[in-house]
>>> print(open('my_file20.tsv').read())   # TSV, C-alpha atoms (C1' of nucleotides)
chain	number	residue	atom	x	y	z
S	1	MET	CA	-20.20	-2.50	-33.74
S	2	GLY	CA	-16.84	-0.76	-33.76
S	3	ARG	CA	-15.62	-2.17	-37.04
S	4	ARG	CA	-14.99	1.28	-38.43
S	5	GLY	CA	-12.62	2.44	-35.73
S	6	GLU	CA	-10.34	-0.52	-36.07
S	7	MET	CA	-8.84	0.87	-39.24
S	8	LEU	CA	-7.79	4.00	-37.46
S	9	GLN	CA	-6.46	2.09	-34.50
S	10	ALA	CA	-4.37	-0.02	-36.84
S	11	GLU	CA	-2.92	3.11	-38.39
S	12	VAL	CA	-2.07	4.57	-35.01
S	13	LEU	CA	-0.47	1.31	-33.95
S	14	ALA	CA	1.55	1.24	-37.16
S	15	VAL	CA	2.78	4.77	-36.54
S	16	LEU	CA	3.84	3.88	-33.01
S	17	ARG	CA	5.53	0.68	-34.16
S	18	GLY	CA	7.38	2.65	-36.77
S	19	SER	CA	9.06	4.77	-34.14
S	20	GLU	CA	12.02	3.75	-32.04
S	21	SER	CA	11.00	5.96	-29.18
S	22	PRO	CA	7.64	6.99	-27.74
S	23	LEU	CA	5.54	9.56	-29.54
S	24	SER	CA	3.26	12.19	-28.12
S	25	ALA	CA	-0.37	12.12	-29.16
S	26	TYR	CA	0.32	15.18	-31.28
S	27	ASP	CA	3.27	13.47	-32.95
S	28	VAL	CA	0.90	10.68	-33.93
S	29	LEU	CA	-1.60	13.27	-35.07
S	30	GLY	CA	1.06	14.84	-37.26
S	31	GLU	CA	1.88	11.51	-38.88
S	32	LEU	CA	-1.74	10.68	-39.52
S	33	ARG	CA	-2.33	14.06	-41.07
S	34	LYS	CA	0.09	13.18	-43.85
S	35	THR	CA	-2.60	10.91	-45.22
S	36	ARG	CA	-5.72	12.40	-43.61
S	37	PRO	CA	-5.14	16.13	-43.28
S	38	LYS	CA	-8.34	16.84	-41.44
S	39	ILE	CA	-7.98	14.48	-38.52
S	40	ALA	CA	-8.39	16.10	-35.10
S	41	PRO	CA	-6.99	15.48	-31.60
S	42	PRO	CA	-10.00	13.70	-30.09
S	43	THR	CA	-9.89	11.11	-32.84
S	44	VAL	CA	-6.32	10.26	-32.02
S	45	TYR	CA	-6.96	10.26	-28.29
S	46	ARG	CA	-9.88	7.91	-28.76
S	47	ALA	CA	-7.79	5.50	-30.78
S	48	LEU	CA	-5.01	5.67	-28.20
S	49	ALA	CA	-7.48	5.04	-25.41
S	50	ALA	CA	-8.84	1.96	-27.18
S	51	LEU	CA	-5.35	0.63	-27.89
S	52	THR	CA	-4.29	1.27	-24.33
S	53	ALA	CA	-7.36	-0.52	-23.01
S	54	SER	CA	-6.58	-3.56	-25.15
S	55	ARG	CA	-2.96	-3.38	-23.97
S	56	LEU	CA	-1.48	-2.97	-27.41
S	57	VAL	CA	-0.14	0.42	-26.48
S	58	HIS	CA	1.40	1.79	-23.31
S	59	ARG	CA	1.14	5.32	-22.11
S	60	LEU	CA	4.32	6.63	-20.53
S	61	GLU	CA	2.99	8.77	-17.74
S	62	SER	CA	6.24	10.50	-17.00
S	63	LEU	CA	6.65	11.54	-20.64
S	64	SER	CA	3.03	12.08	-21.64
S	65	ALA	CA	3.79	9.83	-24.56
S	66	TYR	CA	2.75	6.55	-26.09
S	67	MET	CA	4.51	3.47	-27.41
S	68	ALA	CA	3.51	0.16	-28.96
S	69	CYS	CA	3.73	-2.74	-26.58
S	70	GLN	CA	6.89	-4.75	-27.17
S	71	SER	CA	6.05	-7.93	-25.34
S	72	ASP	CA	3.66	-10.49	-26.77
S	73	CYS	CA	1.42	-11.38	-23.95
S	74	HIS	CA	1.33	-9.87	-20.60
S	75	GLN	CA	-1.31	-10.04	-18.00
S	76	SER	CA	0.87	-8.15	-15.58
S	77	ALA	CA	2.09	-4.59	-15.89
S	78	SER	CA	5.36	-3.80	-17.57
S	79	ILE	CA	8.45	-2.18	-16.22
S	80	LEU	CA	9.43	0.55	-18.64
S	81	SER	CA	13.04	1.62	-18.69
S	82	ILE	CA	13.38	4.98	-20.33
S	83	CYS	CA	16.70	6.23	-21.64
S	84	ASP	CA	16.82	9.95	-20.93
S	85	ASP	CA	19.66	10.26	-23.38
S	86	CYS	CA	18.39	8.68	-26.60
S	87	GLY	CA	14.74	8.24	-25.71
S	88	ILE	CA	14.56	4.51	-26.25
S	89	VAL	CA	12.28	2.55	-23.97
S	90	GLU	CA	12.73	-1.04	-23.00
S	91	GLU	CA	9.96	-3.15	-21.62
S	92	SER	CA	10.42	-5.84	-18.98
S	93	VAL	CA	8.00	-8.14	-17.28
S	94	ALA	CA	8.61	-9.30	-13.73
S	95	PRO	CA	5.45	-10.50	-12.04
S	96	GLU	CA	7.24	-11.32	-8.80
S	97	VAL	CA	8.40	-7.73	-8.39
S	98	LEU	CA	4.87	-6.56	-9.09
S	99	GLU	CA	3.72	-8.90	-6.34
S	100	ASP	CA	6.22	-7.37	-3.95
S	101	LEU	CA	5.06	-3.89	-4.85
S	102	SER	CA	1.45	-4.84	-4.38
S	103	SER	CA	2.15	-6.33	-1.01
S	104	VAL	CA	4.04	-3.24	0.14
S	105	ALA	CA	1.15	-1.06	-0.96
S	106	GLY	CA	-1.38	-3.56	0.37
S	107	LYS	CA	-0.06	-3.55	3.92
S	108	SER	CA	-2.46	-0.84	4.89
S	109	GLY	CA	-5.39	-2.45	3.13
S	110	PHE	CA	-4.86	-0.70	-0.18
S	111	ARG	CA	-6.17	-2.71	-3.13
S	112	PRO	CA	-3.95	-2.24	-6.18
S	113	ALA	CA	-5.49	-2.17	-9.62
S	114	ARG	CA	-2.93	-0.70	-12.00
S	115	HIS	CA	0.81	-0.29	-11.69
S	116	VAL	CA	2.79	2.52	-13.21
S	117	ILE	CA	6.46	1.64	-13.16
S	118	GLU	CA	8.83	3.80	-15.14
S	119	ILE	CA	12.54	3.88	-14.59
S	120	HIS	CA	14.50	6.77	-16.01
S	121	GLY	CA	18.18	6.32	-16.65
S	122	VAL	CA	20.64	5.65	-19.41
S	123	CYS	CA	20.47	2.64	-21.71
S	124	ALA	CA	23.37	0.30	-22.32
S	125	SER	CA	24.38	1.77	-25.64
S	126	CYS	CA	24.32	5.34	-24.34
S	127	VAL	CA	26.34	4.30	-21.30
S	128	GLY	CA	28.85	2.84	-23.72
S	129	ALA	CA	28.90	5.99	-25.80
S	130	GLU	CA	29.53	8.12	-22.72
S	131	THR	CA	32.34	5.95	-21.43
S	132	SER	CA	34.14	5.74	-24.73
S	133	GLY	CA	33.46	9.35	-25.77
T	1	MET	CA	21.54	33.67	-2.56
T	2	GLY	CA	18.02	32.41	-2.94
T	3	ARG	CA	16.73	33.73	0.37
T	4	ARG	CA	13.76	35.39	-1.26
T	5	GLY	CA	12.43	32.31	-2.94
T	6	GLU	CA	12.39	30.30	0.25
T	7	MET	CA	9.41	32.21	1.50
T	8	LEU	CA	7.45	31.25	-1.56
T	9	GLN	CA	8.56	27.65	-1.38
T	10	ALA	CA	7.42	27.51	2.21
T	11	GLU	CA	4.02	28.81	1.21
T	12	VAL	CA	3.69	26.26	-1.56
T	13	LEU	CA	4.71	23.51	0.81
T	14	ALA	CA	2.16	24.70	3.34
T	15	VAL	CA	-0.58	24.64	0.72
T	16	LEU	CA	0.34	21.10	-0.29
T	17	ARG	CA	0.52	19.96	3.32
T	18	GLY	CA	-2.86	21.46	3.93
T	19	SER	CA	-4.45	19.19	1.35
T	20	GLU	CA	-5.36	15.57	1.88
T	21	SER	CA	-4.92	14.73	-1.75
T	22	PRO	CA	-2.50	15.92	-4.42
T	23	LEU	CA	-2.98	19.31	-6.01
T	24	SER	CA	-2.29	20.41	-9.55
T	25	ALA	CA	0.10	23.28	-10.07
T	26	TYR	CA	-2.88	25.44	-10.94
T	27	ASP	CA	-4.68	24.42	-7.76
T	28	VAL	CA	-1.65	25.65	-5.85
T	29	LEU	CA	-1.64	28.79	-7.95
T	30	GLY	CA	-5.27	29.39	-7.04
T	31	GLU	CA	-4.54	29.04	-3.35
T	32	LEU	CA	-1.57	31.38	-3.49
T	33	ARG	CA	-3.59	33.97	-5.34
T	34	LYS	CA	-5.84	34.34	-2.34
T	35	THR	CA	-3.01	36.23	-0.69
T	36	ARG	CA	-0.98	37.31	-3.72
T	37	PRO	CA	-3.42	37.92	-6.54
T	38	LYS	CA	-0.81	38.63	-9.15
T	39	ILE	CA	1.26	35.49	-8.92
T	40	ALA	CA	1.83	33.71	-12.24
T	41	PRO	CA	2.30	30.07	-13.31
T	42	PRO	CA	6.08	30.13	-13.80
T	43	THR	CA	6.55	31.30	-10.22
T	44	VAL	CA	4.63	28.31	-8.92
T	45	TYR	CA	6.39	25.91	-11.25
T	46	ARG	CA	9.76	27.23	-10.13
T	47	ALA	CA	8.88	26.73	-6.51
T	48	LEU	CA	7.57	23.24	-7.23
T	49	ALA	CA	10.73	22.40	-9.14
T	50	ALA	CA	12.89	23.52	-6.22
T	51	LEU	CA	10.80	21.60	-3.71
T	52	THR	CA	10.85	18.52	-5.90
T	53	ALA	CA	14.61	18.76	-6.27
T	54	SER	CA	15.02	18.94	-2.51
T	55	ARG	CA	12.63	16.01	-2.16
T	56	LEU	CA	10.12	17.83	-0.03
T	57	VAL	CA	7.50	17.44	-2.70
T	58	HIS	CA	6.64	14.60	-5.07
T	59	ARG	CA	5.22	14.96	-8.49
T	60	LEU	CA	2.64	12.33	-9.35
T	61	GLU	CA	3.32	11.69	-12.99
T	62	SER	CA	0.13	9.80	-13.66
T	63	LEU	CA	-1.97	12.64	-12.25
T	64	SER	CA	0.10	15.67	-13.26
T	65	ALA	CA	-0.17	16.69	-9.62
T	66	TYR	CA	1.99	17.41	-6.63
T	67	MET	CA	1.98	16.39	-2.98
T	68	ALA	CA	4.08	17.08	0.08
T	69	CYS	CA	6.39	14.25	1.00
T	70	GLN	CA	4.98	12.25	3.88
T	71	SER	CA	8.04	10.35	4.97
T	72	ASP	CA	10.83	12.00	6.92
T	73	CYS	CA	13.96	10.94	5.25
T	74	HIS	CA	14.29	8.93	2.18
T	75	GLN	CA	17.23	8.45	-0.02
T	76	SER	CA	15.33	5.97	-2.13
T	77	ALA	CA	12.27	6.61	-4.22
T	78	SER	CA	8.81	6.24	-2.80
T	79	ILE	CA	6.02	3.94	-3.78
T	80	LEU	CA	2.91	6.04	-4.16
T	81	SER	CA	-0.43	4.32	-3.72
T	82	ILE	CA	-3.16	6.43	-5.24
T	83	CYS	CA	-6.79	5.85	-4.35
T	84	ASP	CA	-8.77	6.44	-7.55
T	85	ASP	CA	-11.89	6.73	-5.47
T	86	CYS	CA	-11.13	9.40	-2.85
T	87	GLY	CA	-7.84	10.69	-4.23
T	88	ILE	CA	-5.76	10.03	-1.15
T	89	VAL	CA	-2.16	9.03	-1.71
T	90	GLU	CA	-0.11	6.91	0.61
T	91	GLU	CA	3.65	6.82	0.51
T	92	SER	CA	5.71	3.72	1.20
T	93	VAL	CA	9.42	3.12	1.19
T	94	ALA	CA	10.81	-0.26	0.26
T	95	PRO	CA	14.44	-0.09	-0.83
T	96	GLU	CA	14.64	-3.83	-1.44
T	97	VAL	CA	11.85	-3.70	-4.01
T	98	LEU	CA	13.60	-0.76	-5.67
T	99	GLU	CA	16.70	-2.90	-5.84
T	100	ASP	CA	14.75	-5.68	-7.51
T	101	LEU	CA	13.32	-3.25	-10.02
T	102	SER	CA	16.71	-1.83	-10.78
T	103	SER	CA	18.16	-5.25	-11.31
T	104	VAL	CA	15.35	-6.23	-13.67
T	105	ALA	CA	15.89	-3.08	-15.66
T	106	GLY	CA	19.65	-3.40	-15.38
T	107	LYS	CA	19.83	-6.86	-16.95
T	108	SER	CA	20.36	-5.37	-20.35
T	109	GLY	CA	22.92	-2.86	-19.12
T	110	PHE	CA	20.43	-0.09	-18.40
T	111	ARG	CA	21.61	2.26	-15.67
T	112	PRO	CA	18.66	3.43	-13.54
T	113	ALA	CA	18.64	6.95	-12.17
T	114	ARG	CA	15.12	7.75	-11.08
T	115	HIS	CA	12.17	5.49	-10.30
T	116	VAL	CA	8.56	6.40	-10.91
T	117	ILE	CA	6.33	3.96	-9.05
T	118	GLU	CA	2.66	4.77	-8.78
T	119	ILE	CA	0.03	2.22	-7.93
T	120	HIS	CA	-3.57	3.07	-8.67
T	121	GLY	CA	-6.28	1.28	-6.78
T	122	VAL	CA	-8.66	1.73	-3.89
T	123	CYS	CA	-7.59	2.61	-0.38
T	124	ALA	CA	-8.62	0.67	2.70
T	125	SER	CA	-11.33	3.04	3.79
T	126	CYS	CA	-12.89	3.22	0.32
T	127	VAL	CA	-12.78	-0.57	0.06
T	128	GLY	CA	-14.64	-0.63	3.37
T	129	ALA	CA	-17.17	1.89	2.16
T	130	GLU	CA	-17.84	-0.12	-1.01
T	131	THR	CA	-18.26	-3.39	0.82
T	132	SER	CA	-20.58	-2.00	3.45
T	133	GLY	CA	-22.51	0.29	1.10
H	1	DG	C1'	-37.46	1.51	-48.15
H	2	DA	C1'	-38.15	5.48	-44.93
H	3	DA	C1'	-37.96	6.62	-40.07
H	4	DC	C1'	-35.53	5.72	-36.00
H	5	DG	C1'	-32.18	4.29	-32.37
H	6	DT	C1'	-27.57	3.48	-31.22
H	7	DG	C1'	-22.96	3.94	-31.08
H	8	DA	C1'	-18.75	5.43	-33.63
H	9	DT	C1'	-16.59	9.42	-35.68
H	10	DG	C1'	-15.74	14.27	-36.92
H	11	DT	C1'	-15.45	19.03	-35.49
H	12	DT	C1'	-15.14	23.09	-32.81
H	13	DA	C1'	-13.78	25.09	-29.05
H	14	DT	C1'	-11.60	25.30	-24.88
H	15	DA	C1'	-9.63	23.50	-20.59
H	16	DA	C1'	-5.55	22.12	-18.18
H	17	DC	C1'	-0.66	21.74	-17.77
H	18	DA	C1'	3.88	23.72	-18.66
H	19	DT	C1'	7.69	26.68	-20.16
H	20	DA	C1'	10.38	30.08	-23.27
H	21	DA	C1'	11.89	34.52	-23.25
H	22	DC	C1'	12.74	38.60	-21.51
H	23	DA	C1'	12.12	42.61	-18.12
H	24	DG	C1'	12.89	44.08	-13.53
H	25	DT	C1'	14.87	43.64	-8.95
H	26	DT	C1'	18.17	42.69	-5.31
H	27	DC	C1'	22.52	42.37	-3.61
H	28	DG	C1'	27.43	41.56	-3.30
H	29	DG	C1'	31.96	43.11	-5.03
H	30	DC	C1'	34.59	46.66	-6.77
V	1	DG	C1'	27.78	54.59	-6.98
V	2	DC	C1'	28.25	51.19	-10.80
V	3	DC	C1'	28.36	46.56	-12.52
V	4	DG	C1'	27.26	41.92	-13.05
V	5	DA	C1'	25.18	37.67	-11.33
V	6	DA	C1'	21.38	35.46	-9.60
V	7	DC	C1'	16.78	35.44	-8.66
V	8	DT	C1'	11.91	36.86	-9.44
V	9	DG	C1'	8.05	38.78	-12.10
V	10	DT	C1'	5.49	39.06	-16.35
V	11	DT	C1'	3.93	38.23	-20.88
V	12	DA	C1'	3.09	35.28	-24.15
V	13	DT	C1'	2.79	30.99	-25.99
V	14	DG	C1'	3.48	26.02	-26.48
V	15	DT	C1'	1.79	21.40	-25.39
V	16	DT	C1'	-1.41	17.96	-23.81
V	17	DA	C1'	-6.15	16.63	-23.24
V	18	DT	C1'	-11.15	16.68	-23.29
V	19	DA	C1'	-16.08	18.61	-23.19
V	20	DA	C1'	-19.78	19.21	-26.04
V	21	DC	C1'	-22.23	18.59	-29.77
V	22	DA	C1'	-22.92	17.63	-34.89
V	23	DT	C1'	-22.74	13.99	-38.16
V	24	DC	C1'	-22.49	9.55	-40.11
V	25	DA	C1'	-22.98	4.44	-40.73
V	26	DC	C1'	-25.60	0.75	-39.82
V	27	DG	C1'	-29.09	-2.38	-38.11
V	28	DT	C1'	-34.07	-2.67	-36.89
V	29	DT	C1'	-38.78	-1.95	-37.38
V	30	DC	C1'	-42.69	-1.37	-39.64
>>> encode(input="my_file20.tsv", output="structure tokens")
Amino acid sequence: MGRRGEMLQAEVLAVLRGSESPLSAYDVLGELRKTRPKIAPPTVYRALAALTASRLVHRLESLSAYMACQSDCHQSASILSICDDCGIVEESVAPEVLEDLSSVAGKSGFRPARHVIEIHGVCASCVGAETSG
Amino acid sequence: MGRRGEMLQAEVLAVLRGSESPLSAYDVLGELRKTRPKIAPPTVYRALAALTASRLVHRLESLSAYMACQSDCHQSASILSICDDCGIVEESVAPEVLEDLSSVAGKSGFRPARHVIEIHGVCASCVGAETSG
DNA sequence: GAACGTGATGTTATAACATAACAGTTCGGC
DNA sequence: GCCGAACTGTTATGTTATAACATCACGTTC
């Protein structure tokens, strides 16, 4: 069961890990086509879905893009800080803040299941570049 | 300056306010076409962009959809709780949690500019329906 | 070992979301 | 009235995502 697909997932993961910034599904598709010219969008989307489900890959909702997970283990959702200048994304884990968020949302009886937390801004090195430039 | 477009923006806002759950840009387009059959996507996207900029409308990144802002005034970003069951979205404001998020992200020197916080889950009334059903 | 069921994968086509690029319109200033 | 700036309309297309179905690999059964 599902031994075949793991090869493809590994390739997709390798492509994502090879990139400093998130890639769109079609960027990944383009990379994969260098070795397998005939690969089609649904194949890539399926691999991305599997990787996302196993938490090896994050989808950046506000970019419609994907990145390899940077942190080793995390049960809790990540906080993704996206540099709008250079595109780099940094991943942080802060379970207590997640708790706070859940409790704010839960006040009315809402039952949280999945957190999407993306912070757009400018990363340290781009801030530095701006200031000095 | 820009007096003409305000009419359209008001219509778009009215459409969004008339819906319990978020609408896609093309849903809005469909509604508007009931009265103006010839309206085209860029017109709607322009209106949505203007409304988003003036904070009267939120874009839900994880749904590619738009909703009218529910809270009166907010300088700070909203926490959007999305019911994956019935589609209803609830808006909460919690500046202190935003602060915490910013400080987590800011540890490495990142300078936050815009927060995207969307929590998927099940709303109180759908939780009730599940339990009783 | 051939027929079959099941689930993964490939393929085609298209749906859904979004914007570039330019044409046309309105309106103020001259 | 003419011009230019700003806004709006229109066409076309780009980008992201998935439905639907064909095919393939593999284990099971007989």
>>> interface_residues(input="my_file20.tsv", of="chain H", to="chain S", cutoff="12 Å", atoms="only C-alpha atoms (C1' of nucleotides)", output="list in words")
DT6, DG7, DA8, DT9, DG10, DT11, DT12 and DC17 of chain H
>>> calpha_fit_and_write(input="my_file20.tsv", fixed="chain S", moving="chain T", output="short mmCIF file (atom, residue, chain, number, x, y, z; two decimals) with C-alpha atoms, in the coordinates of the input")
data_model
loop_
_atom_site.label_atom_id
_atom_site.label_comp_id
_atom_site.auth_asym_id
_atom_site.auth_seq_id
_atom_site.Cartn_x
_atom_site.Cartn_y
_atom_site.Cartn_z
CA MET T 1 -20.03 -2.57 -34.02
CA GLY T 2 -16.79 -0.66 -34.04
CA ARG T 3 -15.52 -2.00 -37.35
CA ARG T 4 -14.79 1.46 -38.66
CA GLY T 5 -12.55 2.51 -35.84
CA GLU T 6 -10.32 -0.51 -36.16
CA MET T 7 -8.80 0.86 -39.31
CA LEU T 8 -7.77 3.99 -37.50
CA GLN T 9 -6.45 2.07 -34.53
CA ALA T 10 -4.35 -0.03 -36.85
CA GLU T 11 -2.89 3.09 -38.40
CA VAL T 12 -2.06 4.56 -35.02
CA LEU T 13 -0.46 1.31 -33.96
CA ALA T 14 1.57 1.24 -37.15
CA VAL T 15 2.81 4.77 -36.53
CA LEU T 16 3.85 3.89 -32.99
CA ARG T 17 5.54 0.70 -34.13
CA GLY T 18 7.40 2.65 -36.74
CA SER T 19 9.07 4.79 -34.10
CA GLU T 20 12.02 3.76 -31.99
CA SER T 21 11.00 5.99 -29.14
CA PRO T 22 7.63 6.99 -27.70
CA LEU T 23 5.51 9.54 -29.50
CA SER T 24 3.21 12.17 -28.08
CA ALA T 25 -0.41 12.10 -29.14
CA TYR T 26 0.29 15.15 -31.26
CA ASP T 27 3.25 13.46 -32.91
CA VAL T 28 0.89 10.67 -33.91
CA LEU T 29 -1.61 13.25 -35.06
CA GLY T 30 1.05 14.83 -37.25
CA GLU T 31 1.90 11.52 -38.84
CA LEU T 32 -1.72 10.66 -39.52
CA ARG T 33 -2.31 14.04 -41.09
CA LYS T 34 0.12 13.18 -43.83
CA THR T 35 -2.55 10.91 -45.24
CA ARG T 36 -5.68 12.38 -43.64
CA PRO T 37 -5.12 16.10 -43.31
CA LYS T 38 -8.33 16.80 -41.48
CA ILE T 39 -7.98 14.44 -38.57
CA ALA T 40 -8.45 16.06 -35.15
CA PRO T 41 -7.04 15.44 -31.65
CA PRO T 42 -10.06 13.67 -30.15
CA THR T 43 -9.93 11.06 -32.91
CA VAL T 44 -6.34 10.23 -32.05
CA TYR T 45 -7.02 10.22 -28.33
CA ARG T 46 -9.94 7.86 -28.83
CA ALA T 47 -7.82 5.47 -30.81
CA LEU T 48 -5.05 5.66 -28.22
CA ALA T 49 -7.54 5.03 -25.44
CA ALA T 50 -8.86 1.94 -27.22
CA LEU T 51 -5.37 0.63 -27.91
CA THR T 52 -4.33 1.28 -24.34
CA ALA T 53 -7.40 -0.52 -23.04
CA SER T 54 -6.60 -3.54 -25.18
CA ARG T 55 -3.00 -3.36 -23.99
CA LEU T 56 -1.49 -2.95 -27.41
CA VAL T 57 -0.17 0.44 -26.47
CA HIS T 58 1.36 1.82 -23.28
CA ARG T 59 1.10 5.34 -22.08
CA LEU T 60 4.28 6.63 -20.48
CA GLU T 61 2.96 8.79 -17.70
CA SER T 62 6.22 10.52 -16.97
CA LEU T 63 6.60 11.56 -20.60
CA SER T 64 2.97 12.10 -21.61
CA ALA T 65 3.76 9.83 -24.54
CA TYR T 66 2.70 6.56 -26.06
CA MET T 67 4.48 3.48 -27.37
CA ALA T 68 3.50 0.19 -28.93
CA CYS T 69 3.71 -2.73 -26.56
CA GLN T 70 6.86 -4.73 -27.17
CA SER T 71 6.03 -7.91 -25.34
CA ASP T 72 3.62 -10.46 -26.75
CA CYS T 73 1.35 -11.33 -23.96
CA HIS T 74 1.27 -9.84 -20.59
CA GLN T 75 -1.36 -10.01 -17.99
CA SER T 76 0.82 -8.12 -15.56
CA ALA T 77 2.06 -4.58 -15.88
CA SER T 78 5.32 -3.79 -17.57
CA ILE T 79 8.42 -2.18 -16.22
CA LEU T 80 9.40 0.56 -18.62
CA SER T 81 13.04 1.60 -18.70
CA ILE T 82 13.36 4.98 -20.33
CA CYS T 83 16.70 6.20 -21.62
CA ASP T 84 16.80 9.94 -20.91
CA ASP T 85 19.64 10.25 -23.36
CA CYS T 86 18.37 8.69 -26.60
CA GLY T 87 14.72 8.25 -25.68
CA ILE T 88 14.55 4.52 -26.24
CA VAL T 89 12.25 2.56 -23.96
CA GLU T 90 12.70 -1.04 -23.00
CA GLU T 91 9.91 -3.14 -21.62
CA SER T 92 10.39 -5.83 -19.00
CA VAL T 93 7.96 -8.14 -17.30
CA ALA T 94 8.58 -9.31 -13.76
CA PRO T 95 5.42 -10.51 -12.05
CA GLU T 96 7.24 -11.35 -8.83
CA VAL T 97 8.42 -7.77 -8.40
CA LEU T 98 4.86 -6.59 -9.08
CA GLU T 99 3.73 -8.91 -6.33
CA ASP T 100 6.26 -7.42 -3.95
CA LEU T 101 5.11 -3.93 -4.82
CA SER T 102 1.50 -4.85 -4.32
CA SER T 103 2.23 -6.36 -0.97
CA VAL T 104 4.14 -3.28 0.17
CA ALA T 105 1.26 -1.09 -0.88
CA GLY T 106 -1.27 -3.56 0.46
CA LYS T 107 0.09 -3.57 4.02
CA SER T 108 -2.27 -0.84 5.01
CA GLY T 109 -5.24 -2.44 3.29
CA PHE T 110 -4.75 -0.67 -0.04
CA ARG T 111 -6.11 -2.67 -2.96
CA PRO T 112 -3.90 -2.21 -6.04
CA ALA T 113 -5.48 -2.12 -9.47
CA ARG T 114 -2.96 -0.67 -11.87
CA HIS T 115 0.81 -0.29 -11.61
CA VAL T 116 2.78 2.53 -13.15
CA ILE T 117 6.47 1.63 -13.13
CA GLU T 118 8.83 3.79 -15.12
CA ILE T 119 12.55 3.85 -14.57
CA HIS T 120 14.51 6.74 -16.00
CA GLY T 121 18.18 6.30 -16.64
CA VAL T 122 20.64 5.62 -19.42
CA CYS T 123 20.47 2.64 -21.72
CA ALA T 124 23.36 0.29 -22.37
CA SER T 125 24.36 1.77 -25.67
CA CYS T 126 24.30 5.34 -24.35
CA VAL T 127 26.33 4.27 -21.33
CA GLY T 128 28.83 2.82 -23.79
CA ALA T 129 28.87 5.98 -25.84
CA GLU T 130 29.51 8.12 -22.75
CA THR T 131 32.31 5.94 -21.48
CA SER T 132 34.09 5.73 -24.80
CA GLY T 133 33.44 9.34 -25.82
#
>>> closest_residue(input="my_file20.tsv", among="V:DC7, V:DA12, V:DC21, V:DG27", to="chain S", atoms="only C-alpha atoms (C1' of nucleotides)")
V:DG27
>>> closest_atom_pairs(input="my_file20.tsv", of="chain S", to="chain T", cutoff="12 Å", atoms="only C-alpha atoms", output="tab-separated table")
residue	atom	partner	partner_atom	distance
S:Arg59	CA	T:Ser62	CA	9.6
S:Leu60	CA	T:Ser62	CA	8.6
S:Glu61	CA	T:Ser62	CA	5.1
S:Ser62	CA	T:Glu61	CA	5.1
S:Leu63	CA	T:Glu61	CA	8.3
S:Ser64	CA	T:Glu61	CA	8.7
S:Ala65	CA	T:Ser62	CA	11.5
S:Ala77	CA	T:Ile119	CA	10.7
S:Ser78	CA	T:Ala105	CA	10.7
S:Ile79	CA	T:Ala105	CA	7.5
S:Leu80	CA	T:Ala105	CA	8.0
S:Ser81	CA	T:Ala105	CA	6.3
S:Ile82	CA	T:Pro112	CA	8.7
S:Cys83	CA	T:Phe110	CA	8.0
S:Asp84	CA	T:Ala113	CA	9.4
S:Asp85	CA	T:Arg111	CA	11.3
S:Ile88	CA	T:Phe110	CA	10.8
S:Val89	CA	T:Phe110	CA	10.2
S:Glu90	CA	T:Ala105	CA	8.2
S:Glu91	CA	T:Ala105	CA	8.4
S:Ser92	CA	T:Ala105	CA	7.0
S:Val93	CA	T:Val104	CA	8.4
S:Ala94	CA	T:Val104	CA	7.4
S:Pro95	CA	T:Leu101	CA	10.9
S:Glu96	CA	T:Asp100	CA	9.5
S:Val97	CA	T:Asp100	CA	6.7
S:Leu98	CA	T:Val97	CA	9.1
S:Glu99	CA	T:Val97	CA	9.9
S:Asp100	CA	T:Val97	CA	6.7
S:Leu101	CA	T:Val97	CA	6.8
S:Ser102	CA	T:Ile119	CA	8.0
S:Ser103	CA	T:Val97	CA	10.5
S:Val104	CA	T:Ser92	CA	7.2
S:Ala105	CA	T:Ser81	CA	6.2
S:Gly106	CA	T:Ala124	CA	8.7
S:Lys107	CA	T:Ala124	CA	9.6
S:Ser108	CA	T:Ala124	CA	6.7
S:Gly109	CA	T:Ala124	CA	4.5
S:Phe110	CA	T:Cys123	CA	4.3
S:Arg111	CA	T:Val122	CA	5.1
S:Pro112	CA	T:Gly121	CA	4.3
S:Ala113	CA	T:Gly121	CA	4.5
S:Arg114	CA	T:His120	CA	5.1
S:His115	CA	T:Ile119	CA	4.6
S:Val116	CA	T:Glu118	CA	5.0
S:Ile117	CA	T:Ile117	CA	4.7
S:Glu118	CA	T:Val116	CA	5.0
S:Ile119	CA	T:His115	CA	4.6
S:His120	CA	T:Arg114	CA	5.1
S:Gly121	CA	T:Pro112	CA	4.3
S:Val122	CA	T:Arg111	CA	5.1
S:Cys123	CA	T:Phe110	CA	4.3
S:Ala124	CA	T:Gly109	CA	4.5
S:Ser125	CA	T:Gly109	CA	8.1
S:Cys126	CA	T:Phe110	CA	8.9
S:Val127	CA	T:Arg111	CA	7.6
S:Gly128	CA	T:Gly109	CA	9.4
>>> interface_residues(input="my_file20.tsv", of="chain V", to="chain T", cutoff="12 Å", atoms="only C-alpha atoms (C1' of nucleotides)", output="PyMOL selection string")
chain V and resi 5-12+16-17
>>> atom_distance(input="my_file20.tsv", atom1="CA of Val28 in chain T", atom2="CA of Asp72 in chain T")
22.5 Å
>>> atom_distance(input="my_file20.tsv", atom1="CA of Ala129 in chain S", atom2="CA of His58 in chain S")
27.9 Å
>>> closest_residue(input="my_file20.tsv", among="T:Leu32, T:Glu11, T:Cys86, T:Thr52", to="Tyr66 in chain T", atoms="only C-alpha atoms")
T:Thr52
>>> atom_distance(input="my_file20.tsv", atom1="CA of Tyr45 in chain T", atom2="C1' of DA18 in chain H")
8.1 Å
>>> residues_around(input="my_file20.tsv", residues="Leu56 in chain T", least_positions_apart="6", cutoff="8 Å", atoms="all atoms listed in the file", output="JSON, numbers by chain")
{"T": [13, 68, 69]}
>>> residues_near_point(input="my_file20.tsv", point="(-36.0, -4.7, -48.4)", cutoff="12 Å", atoms="only C-alpha atoms (C1' of nucleotides)", output="ChimeraX atom specification")
/H:1-2 /V:28-30
